[in-house]
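Have a look at upload_12.json; it's JSON, C-alpha atoms:
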[["chain", "number", "residue", "atom", "x", "y", "z"],
["A", 1, "TRP", "CA", -65.52, 59.26, -55.53],
["A", 2, "LEU", "CA", -62.21, 57.68, -56.55],
["A", 3, "THR", "CA", -60.67, 56.43, -53.27],
["A", 4, "ASN", "CA", -63.88, 56.35, -51.16],
["A", 5, "GLY", "CA", -62.14, 58.46, -48.51],
["A", 6, "ALA", "CA", -61.62, 56.94, -45.08],
["A", 7, "MET", "CA", -63.87, 54.00, -46.01],
["A", 8, "GLY", "CA", -61.20, 52.69, -48.39],
["A", 9, "ILE", "CA", -61.46, 50.82, -51.67],
["A", 10, "THR", "CA", -63.36, 47.55, -51.42],
["A", 11, "ALA", "CA", -63.98, 44.56, -53.69],
["A", 12, "ILE", "CA", -60.59, 44.77, -55.40],
["A", 13, "PRO", "CA", -60.51, 41.82, -57.82],
["A", 14, "LYS", "CA", -57.82, 39.18, -57.52],
["A", 15, "PRO", "CA", -55.56, 39.03, -60.61],
["A", 16, "ALA", "CA", -55.95, 36.18, -63.05],
["A", 17, "LEU", "CA", -53.53, 34.72, -65.57],
["A", 18, "PHE", "CA", -54.91, 32.68, -68.50],
["A", 19, "GLY", "CA", -58.21, 32.38, -66.64],
["A", 20, "ILE", "CA", -56.57, 31.03, -63.44],
["A", 21, "LYS", "CA", -57.28, 33.20, -60.38],
["A", 22, "PHE", "CA", -54.41, 33.78, -57.96],
["A", 23, "GLY", "CA", -54.53, 31.97, -54.62],
["A", 24, "ARG", "CA", -52.14, 32.23, -51.67],
["A", 25, "VAL", "CA", -49.42, 30.13, -53.31],
["A", 26, "GLN", "CA", -49.57, 32.06, -56.59],
["A", 27, "PHE", "CA", -49.41, 35.37, -54.67],
["A", 28, "PHE", "CA", -46.34, 34.15, -52.79],
["A", 29, "TYR", "CA", -44.51, 33.34, -56.02],
["A", 30, "LEU", "CA", -45.66, 36.62, -57.59],
["A", 31, "ALA", "CA", -44.34, 38.64, -54.63],
["A", 32, "LEU", "CA", -41.10, 36.63, -54.61],
["A", 33, "ALA", "CA", -40.57, 37.17, -58.36],
["A", 34, "ILE", "CA", -41.20, 40.93, -58.05],
["A", 35, "THR", "CA", -38.87, 41.17, -55.02],
["A", 36, "LEU", "CA", -36.04, 39.35, -56.82],
["A", 37, "LEU", "CA", -36.53, 41.48, -59.93],
["A", 38, "VAL", "CA", -36.47, 44.72, -57.90],
["A", 39, "MET", "CA", -33.35, 43.55, -56.01],
["A", 40, "LEU", "CA", -31.61, 42.76, -59.32],
["A", 41, "VAL", "CA", -32.52, 46.17, -60.77],
["A", 42, "ILE", "CA", -31.34, 47.97, -57.60],
["A", 43, "TYR", "CA", -28.08, 45.98, -57.57],
["A", 44, "ARG", "CA", -27.39, 46.83, -61.20],
["A", 45, "LEU", "CA", -28.36, 50.46, -60.56],
["A", 46, "VAL", "CA", -25.90, 50.77, -57.65],
["A", 47, "LYS", "CA", -23.07, 49.44, -59.84],
["A", 48, "SER", "CA", -23.87, 51.90, -62.64],
["A", 49, "ARG", "CA", -22.92, 55.56, -63.14],
["A", 50, "VAL", "CA", -26.26, 56.60, -61.65],
["A", 51, "GLY", "CA", -25.57, 54.52, -58.53],
["A", 52, "ARG", "CA", -22.15, 56.10, -58.06],
["A", 53, "ALA", "CA", -23.75, 59.55, -58.34],
["A", 54, "LEU", "CA", -26.37, 58.62, -55.72],
["A", 55, "ILE", "CA", -23.65, 57.30, -53.37],
["A", 56, "ALA", "CA", -21.75, 60.57, -53.81],
["A", 57, "ILE", "CA", -24.90, 62.55, -52.95],
["A", 58, "ARG", "CA", -25.49, 60.37, -49.88],
["A", 59, "GLU", "CA", -21.97, 60.98, -48.61],
["A", 60, "ASP", "CA", -21.85, 64.74, -49.29],
["A", 61, "ASP", "CA", -24.27, 66.46, -51.65],
["A", 62, "LEU", "CA", -22.23, 69.70, -51.75],
["A", 63, "ALA", "CA", -19.09, 67.83, -52.80],
["A", 64, "ALA", "CA", -21.12, 65.89, -55.39],
["A", 65, "MET", "CA", -22.48, 69.16, -56.75],
["A", 66, "ALA", "CA", -18.93, 70.55, -56.92],
["A", 67, "ILE", "CA", -17.78, 67.69, -59.18],
["A", 68, "GLY", "CA", -20.69, 68.19, -61.58],
["A", 69, "VAL", "CA", -23.42, 65.83, -60.28],
["A", 70, "ASN", "CA", -26.93, 67.20, -60.83],
["A", 71, "VAL", "CA", -28.06, 66.68, -57.23],
["A", 72, "ARG", "CA", -31.67, 67.81, -57.70],
["A", 73, "ASN", "CA", -32.36, 65.51, -60.65],
["A", 74, "TYR", "CA", -30.73, 62.50, -58.98],
["A", 75, "LYS", "CA", -32.71, 63.06, -55.77],
["A", 76, "ILE", "CA", -35.93, 63.21, -57.80],
["A", 77, "LEU", "CA", -34.88, 60.00, -59.58],
["A", 78, "ALA", "CA", -34.15, 58.24, -56.25],
["A", 79, "PHE", "CA", -37.53, 59.38, -54.89],
["A", 80, "GLY", "CA", -39.27, 58.13, -58.04],
["A", 81, "ILE", "CA", -37.57, 54.71, -57.90],
["A", 82, "GLY", "CA", -38.45, 54.32, -54.21],
["A", 83, "THR", "CA", -42.10, 55.28, -54.68],
["A", 84, "PHE", "CA", -42.39, 53.04, -57.77],
["A", 85, "CYS", "CA", -41.17, 50.01, -55.78],
["A", 86, "ALA", "CA", -43.49, 50.84, -52.85],
["A", 87, "GLY", "CA", -46.45, 51.33, -55.19],
["A", 88, "LEU", "CA", -45.71, 48.09, -57.03],
["A", 89, "MET", "CA", -45.74, 45.96, -53.87],
["A", 90, "GLY", "CA", -48.63, 48.01, -52.46],
["A", 91, "SER", "CA", -50.75, 47.09, -55.47],
["A", 92, "VAL", "CA", -49.88, 43.40, -55.03],
["A", 93, "TYR", "CA", -50.89, 43.65, -51.35],
["A", 94, "ALA", "CA", -54.15, 45.44, -52.24],
["A", 95, "HIS", "CA", -55.12, 42.70, -54.70],
["A", 96, "TYR", "CA", -54.15, 40.03, -52.16],
["A", 97, "ILE", "CA", -56.44, 41.30, -49.36],
["A", 98, "THR", "CA", -58.99, 42.79, -51.86],
["A", 99, "PHE", "CA", -59.32, 45.93, -49.69],
["A", 100, "ILE", "CA", -57.19, 49.01, -49.07],
["A", 101, "SER", "CA", -57.64, 52.01, -46.76],
["A", 102, "PRO", "CA", -55.44, 54.80, -45.34],
["A", 103, "ASP", "CA", -55.45, 53.45, -41.77],
["A", 104, "GLN", "CA", -53.68, 50.23, -42.82],
["A", 105, "TYR", "CA", -50.35, 52.04, -43.12],
["A", 106, "THR", "CA", -49.71, 53.28, -39.61],
["A", 107, "PHE", "CA", -46.69, 54.99, -38.08],
["A", 108, "GLN", "CA", -45.70, 51.64, -36.53],
["A", 109, "ILE", "CA", -45.31, 50.08, -39.99],
["A", 110, "SER", "CA", -43.00, 52.96, -41.03],
["A", 111, "VAL", "CA", -40.91, 52.43, -37.87],
["A", 112, "ASN", "CA", -40.74, 48.66, -38.55],
["A", 113, "ILE", "CA", -39.51, 49.24, -42.12],
["A", 114, "PHE", "CA", -36.90, 51.71, -40.85],
["A", 115, "CYS", "CA", -35.74, 49.19, -38.22],
["A", 116, "MET", "CA", -35.45, 46.45, -40.86],
["A", 117, "VAL", "CA", -33.11, 48.62, -42.92],
["A", 118, "ILE", "CA", -31.01, 49.65, -39.88],
["A", 119, "LEU", "CA", -30.75, 46.10, -38.51],
["A", 120, "GLY", "CA", -29.94, 44.48, -41.87],
["A", 121, "GLY", "CA", -27.44, 47.09, -42.98],
["A", 122, "MET", "CA", -27.70, 50.33, -44.92],
["A", 123, "GLY", "CA", -25.73, 50.61, -48.13],
["A", 124, "THR", "CA", -26.35, 46.96, -49.03],
["A", 125, "THR", "CA", -28.87, 45.22, -51.26],
["A", 126, "ILE", "CA", -29.38, 42.06, -49.19],
["A", 127, "GLY", "CA", -29.17, 43.77, -45.76],
["A", 128, "PRO", "CA", -32.73, 45.17, -45.59],
["A", 129, "VAL", "CA", -34.10, 41.79, -46.77],
["A", 130, "LEU", "CA", -32.23, 40.03, -43.94],
["A", 131, "GLY", "CA", -33.45, 42.67, -41.48],
["A", 132, "ALA", "CA", -37.05, 42.13, -42.67],
["A", 133, "ILE", "CA", -36.73, 38.35, -42.20],
["A", 134, "VAL", "CA", -35.26, 38.73, -38.69],
["A", 135, "LEU", "CA", -37.79, 41.33, -37.47],
["A", 136, "THR", "CA", -40.71, 39.38, -38.96],
["A", 137, "LEU", "CA", -39.73, 35.97, -37.59],
["A", 138, "LEU", "CA", -38.28, 37.05, -34.23],
["A", 139, "PRO", "CA", -41.58, 38.22, -32.64],
["A", 140, "GLU", "CA", -43.25, 34.99, -33.83],
["A", 141, "VAL", "CA", -40.46, 32.80, -32.42],
["A", 142, "MET", "CA", -40.67, 34.65, -29.09],
["A", 143, "ARG", "CA", -44.48, 34.55, -28.93],
["A", 144, "THR", "CA", -44.25, 32.43, -25.75],
["A", 145, "PHE", "CA", -42.70, 35.44, -23.96],
["A", 146, "ASP", "CA", -45.90, 37.37, -24.73],
["A", 147, "VAL", "CA", -45.52, 40.96, -23.41],
["A", 148, "TYR", "CA", -41.71, 40.79, -23.24],
["A", 149, "ARG", "CA", -41.13, 39.95, -26.89],
["A", 150, "MET", "CA", -41.30, 43.56, -28.12],
["A", 151, "ILE", "CA", -38.95, 44.61, -25.30],
["A", 152, "ILE", "CA", -36.48, 41.95, -26.49],
["A", 153, "VAL", "CA", -36.78, 43.18, -30.09],
["A", 154, "GLY", "CA", -36.20, 46.76, -28.90],
["A", 155, "LEU", "CA", -33.17, 45.64, -26.86],
["A", 156, "LEU", "CA", -31.79, 43.88, -29.96],
["A", 157, "MET", "CA", -32.11, 47.13, -31.92],
["A", 158, "VAL", "CA", -30.32, 49.11, -29.17],
["A", 159, "LEU", "CA", -27.48, 46.55, -29.03],
["A", 160, "CYS", "CA", -27.19, 46.67, -32.82],
["A", 161, "MET", "CA", -26.91, 50.48, -32.76],
["A", 162, "ILE", "CA", -24.20, 50.30, -30.07],
["A", 163, "PHE", "CA", -22.06, 47.39, -31.29],
["A", 164, "ARG", "CA", -22.95, 47.14, -34.98],
["A", 165, "PRO", "CA", -24.20, 50.54, -36.24],
["A", 166, "GLN", "CA", -23.73, 49.50, -39.88],
["A", 167, "GLY", "CA", -26.13, 46.56, -39.45],
["A", 168, "ILE", "CA", -25.78, 42.77, -39.57],
["A", 169, "ILE", "CA", -24.40, 42.59, -43.10],
["A", 170, "GLY", "CA", -22.57, 45.90, -42.86],
["A", 171, "SER", "CA", -21.09, 47.77, -45.75],
["A", 172, "TYR", "CA", -17.73, 48.73, -47.13],
["A", 173, "VAL", "CA", -19.18, 52.16, -47.91],
["A", 174, "VAL", "CA", -21.42, 52.90, -44.92],
["A", 175, "GLY", "CA", -20.07, 52.43, -41.40],
["A", 176, "GLY", "CA", -16.79, 50.72, -42.30],
["A", 177, "THR", "CA", -16.11, 47.02, -42.80],
["A", 178, "SER", "CA", -18.42, 44.07, -43.24],
["A", 179, "ILE", "CA", -19.28, 41.74, -40.36],
["A", 180, "TRP", "CA", -17.02, 39.03, -41.78],
["A", 181, "ASP", "CA", -13.99, 41.36, -41.65],
["A", 182, "THR", "CA", -14.88, 42.40, -38.11],
["A", 183, "LEU", "CA", -15.06, 38.78, -36.92],
["A", 184, "SER", "CA", -11.80, 37.79, -38.64],
["A", 185, "ARG", "CA", -10.03, 40.84, -37.17],
["A", 186, "LYS", "CA", -11.21, 39.92, -33.66],
["A", 187, "ARG", "CA", -10.07, 36.32, -34.21],
["A", 188, "LYS", "CA", -6.59, 37.52, -35.26],
["A", 189, "LYS", "CA", -6.38, 39.79, -32.19],
["A", 190, "ALA", "CA", -7.34, 36.86, -29.93],
["A", 191, "LYS", "CA", -4.64, 34.65, -31.53],
["A", 192, "LYS", "CA", -2.01, 37.37, -31.09],
["A", 193, "GLY", "CA", -3.04, 37.78, -27.46],
["A", 194, "GLN", "CA", -2.70, 34.03, -26.85],
["A", 195, "GLN", "CA", 0.72, 33.95, -28.53],
["A", 196, "GLY", "CA", 1.87, 36.99, -26.56],
["A", 197, "GLY", "CA", 0.74, 35.37, -23.30],
["A", 198, "ARG", "CA", 2.94, 32.38, -23.99]]
Write the structure described by the file as structure tokens, please.
Amino acid sequence: WLTNGAMGITAIPKPALFGIKFGRVQFFYLALAITLLVMLVIYRLVKSRVGRALIAIREDDLAAMAIGVNVRNYKILAFGIGTFCAGLMGSVYAHYITFISPDQYTFQISVNIFCMVILGGMGTTIGPVLGAIVLTLLPEVMRTFDVYRMIIVGLLMVLCMIFRPQGIIGSYVVGGTSIWDTLSRKRKKAKKGQQGGR
């Protein structure tokens, strides 16, 4: 009676502010504002005591427990923050399309989200956003290749896992140095090689 089962929830009203109903432009700015706010909160959280505890748990939960971090409570907190953010944007999406059902969130969507995080860079705030932009725009840019575009995207992911396992942005905490340090180190090696050849 509440969710209407497999039929989904229909006729979800569009939000209104001061009597003005939200159109596509207003929804874009609403989603952008929520995204920026969530990114700011996550960034501040990572820099706080709670963030340091979560990083310690990610690296080694037994070691974190040994130094006095309440692993269970922090894992519950991380789960709660993640589900809150997902629910927040899910509600915006539901009001945007005015319909929601269980079959809209397929396994492929979960894989895409996972790929966005891996490609952009785990352990960073901006990395998953960059990964989402790349994996959303890339198939559209390569639409002329038709059936080959998903193969190209898959190949990009494989190359990223081989040559850049920490993602495009990279992280000082996860997987070593950032991409900028990697490029500057390679440039210095190339200069040394040229000088040695002379």
Shell around region 10-20 of chain A at 12 Å using only C-alpha atoms, local window under 2 positions removed, as an MDAnalysis selection string: chainID A and resid 2:8 22:24 26:27 30 91:101
Just to be explicit: take each residue in the selection above, keep C-alpha atoms, and write the result as a CSV table (one decimal), in the frame of the given file.
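Generated output (result.csv):
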chain,number,residue,atom,x,y,z
A,2,LEU,CA,-62.2,57.7,-56.6
A,3,THR,CA,-60.7,56.4,-53.3
A,4,ASN,CA,-63.9,56.4,-51.2
A,5,GLY,CA,-62.1,58.5,-48.5
A,6,ALA,CA,-61.6,56.9,-45.1
A,7,MET,CA,-63.9,54.0,-46.0
A,8,GLY,CA,-61.2,52.7,-48.4
A,22,PHE,CA,-54.4,33.8,-58.0
A,23,GLY,CA,-54.5,32.0,-54.6
A,24,ARG,CA,-52.1,32.2,-51.7
A,26,GLN,CA,-49.6,32.1,-56.6
A,27,PHE,CA,-49.4,35.4,-54.7
A,30,LEU,CA,-45.7,36.6,-57.6
A,91,SER,CA,-50.8,47.1,-55.5
A,92,VAL,CA,-49.9,43.4,-55.0
A,93,TYR,CA,-50.9,43.6,-51.4
A,94,ALA,CA,-54.2,45.4,-52.2
A,95,HIS,CA,-55.1,42.7,-54.7
A,96,TYR,CA,-54.2,40.0,-52.2
A,97,ILE,CA,-56.4,41.3,-49.4
A,98,THR,CA,-59.0,42.8,-51.9
A,99,PHE,CA,-59.3,45.9,-49.7
A,100,ILE,CA,-57.2,49.0,-49.1
A,101,SER,CA,-57.6,52.0,-46.8
Tell me, as a count of residues only, which residues lie within 12 Å of Leu156 (chain A), counting all atoms listed in the file; anything in the same chain fewer than 6 positions away does not count. 17
In Å, with one decimal, what is the gap from CA of Gly120 (chain A) to CA of Cys85 (chain A)? 18.7 Å
May I ask which of the residues A:Ala190, A:Leu88, A:Leu130, A:Met157 is the closest one to Val111 (chain A), counting all atoms listed in the file? A:Met157
Distance CA of Thr125 (chain A)-CA of Gly154 (chain A), one decimal place?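 These atoms are spaced 23.6 Å apart.
Nearest residue to Val38 (chain A), choosing from A:Gly82, A:Gly127, A:Gly68, A:Gly121 and counting all atoms listed in the file: A:Gly82.
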Could I see region 35-55 of chain A restored to N, CA and C atoms, set down as an mmCIF file, keeping the file's coordinate frame?
data_model
loop_
_atom_site.group_PDB
_atom_site.id
_atom_site.type_symbol
_atom_site.label_atom_id
_atom_site.label_comp_id
_atom_site.auth_asym_id
_atom_site.auth_seq_id
_atom_site.Cartn_x
_atom_site.Cartn_y
_atom_site.Cartn_z
ATOM 1 N N THR A 35 -39.936 40.801 -55.954
ATOM 2 C CA THR A 35 -38.870 41.170 -55.020
ATOM 3 C C THR A 35 -37.491 40.891 -55.616
ATOM 4 N N LEU A 36 -37.318 39.703 -56.201
ATOM 5 C CA LEU A 36 -36.040 39.350 -56.820
ATOM 6 C C LEU A 36 -35.715 40.263 -57.994
ATOM 7 N N LEU A 37 -36.734 40.584 -58.789
ATOM 8 C CA LEU A 37 -36.530 41.480 -59.930
ATOM 9 C C LEU A 37 -36.117 42.874 -59.470
ATOM 10 N N VAL A 38 -36.794 43.385 -58.443
ATOM 11 C CA VAL A 38 -36.470 44.720 -57.900
ATOM 12 C C VAL A 38 -35.054 44.720 -57.319
ATOM 13 N N MET A 39 -34.697 43.645 -56.588
ATOM 14 C CA MET A 39 -33.350 43.550 -56.010
ATOM 15 C C MET A 39 -32.280 43.536 -57.109
ATOM 16 N N LEU A 40 -32.553 42.818 -58.196
ATOM 17 C CA LEU A 40 -31.610 42.760 -59.320
ATOM 18 C C LEU A 40 -31.439 44.133 -59.955
ATOM 19 N N VAL A 41 -32.566 44.835 -60.165
ATOM 20 C CA VAL A 41 -32.520 46.170 -60.770
ATOM 21 C C VAL A 41 -31.755 47.138 -59.864
ATOM 22 N N ILE A 42 -32.027 47.091 -58.549
ATOM 23 C CA ILE A 42 -31.340 47.970 -57.600
ATOM 24 C C ILE A 42 -29.848 47.661 -57.566
ATOM 25 N N TYR A 43 -29.502 46.375 -57.582
ATOM 26 C CA TYR A 43 -28.080 45.980 -57.570
ATOM 27 C C TYR A 43 -27.354 46.504 -58.806
ATOM 28 N N ARG A 44 -28.002 46.346 -59.966
ATOM 29 C CA ARG A 44 -27.390 46.830 -61.200
ATOM 30 C C ARG A 44 -27.315 48.365 -61.208
ATOM 31 N N LEU A 45 -28.331 49.003 -60.629
ATOM 32 C CA LEU A 45 -28.360 50.460 -60.560
ATOM 33 C C LEU A 45 -27.214 50.994 -59.705
ATOM 34 N N VAL A 46 -26.967 50.345 -58.560
ATOM 35 C CA VAL A 46 -25.900 50.770 -57.650
ATOM 36 C C VAL A 46 -24.538 50.673 -58.323
ATOM 37 N N LYS A 47 -24.353 49.639 -59.162
ATOM 38 C CA LYS A 47 -23.070 49.440 -59.840
ATOM 39 C C LYS A 47 -22.890 50.339 -61.072
ATOM 40 N N SER A 48 -23.927 51.060 -61.438
ATOM 41 C CA SER A 48 -23.870 51.900 -62.640
ATOM 42 C C SER A 48 -23.391 53.312 -62.303
ATOM 43 N N ARG A 49 -23.307 54.150 -63.320
ATOM 44 C CA ARG A 49 -22.920 55.560 -63.140
ATOM 45 C C ARG A 49 -23.932 56.287 -62.273
ATOM 46 N N VAL A 50 -25.206 55.988 -62.455
ATOM 47 C CA VAL A 50 -26.260 56.600 -61.650
ATOM 48 C C VAL A 50 -26.084 56.238 -60.172
ATOM 49 N N GLY A 51 -25.775 54.973 -59.907
ATOM 50 C CA GLY A 51 -25.570 54.520 -58.530
ATOM 51 C C GLY A 51 -24.402 55.215 -57.864
ATOM 52 N N ARG A 52 -23.314 55.397 -58.617
ATOM 53 C CA ARG A 52 -22.150 56.100 -58.060
ATOM 54 C C ARG A 52 -22.495 57.554 -57.750
ATOM 55 N N ALA A 53 -23.315 58.167 -58.598
ATOM 56 C CA ALA A 53 -23.750 59.550 -58.340
ATOM 57 C C ALA A 53 -24.617 59.616 -57.085
ATOM 58 N N LEU A 54 -25.512 58.645 -56.905
ATOM 59 C CA LEU A 54 -26.370 58.620 -55.720
ATOM 60 C C LEU A 54 -25.565 58.387 -54.443
ATOM 61 N N ILE A 55 -24.529 57.531 -54.525
ATOM 62 C CA ILE A 55 -23.650 57.300 -53.370
ATOM 63 C C ILE A 55 -22.904 58.586 -53.025
#
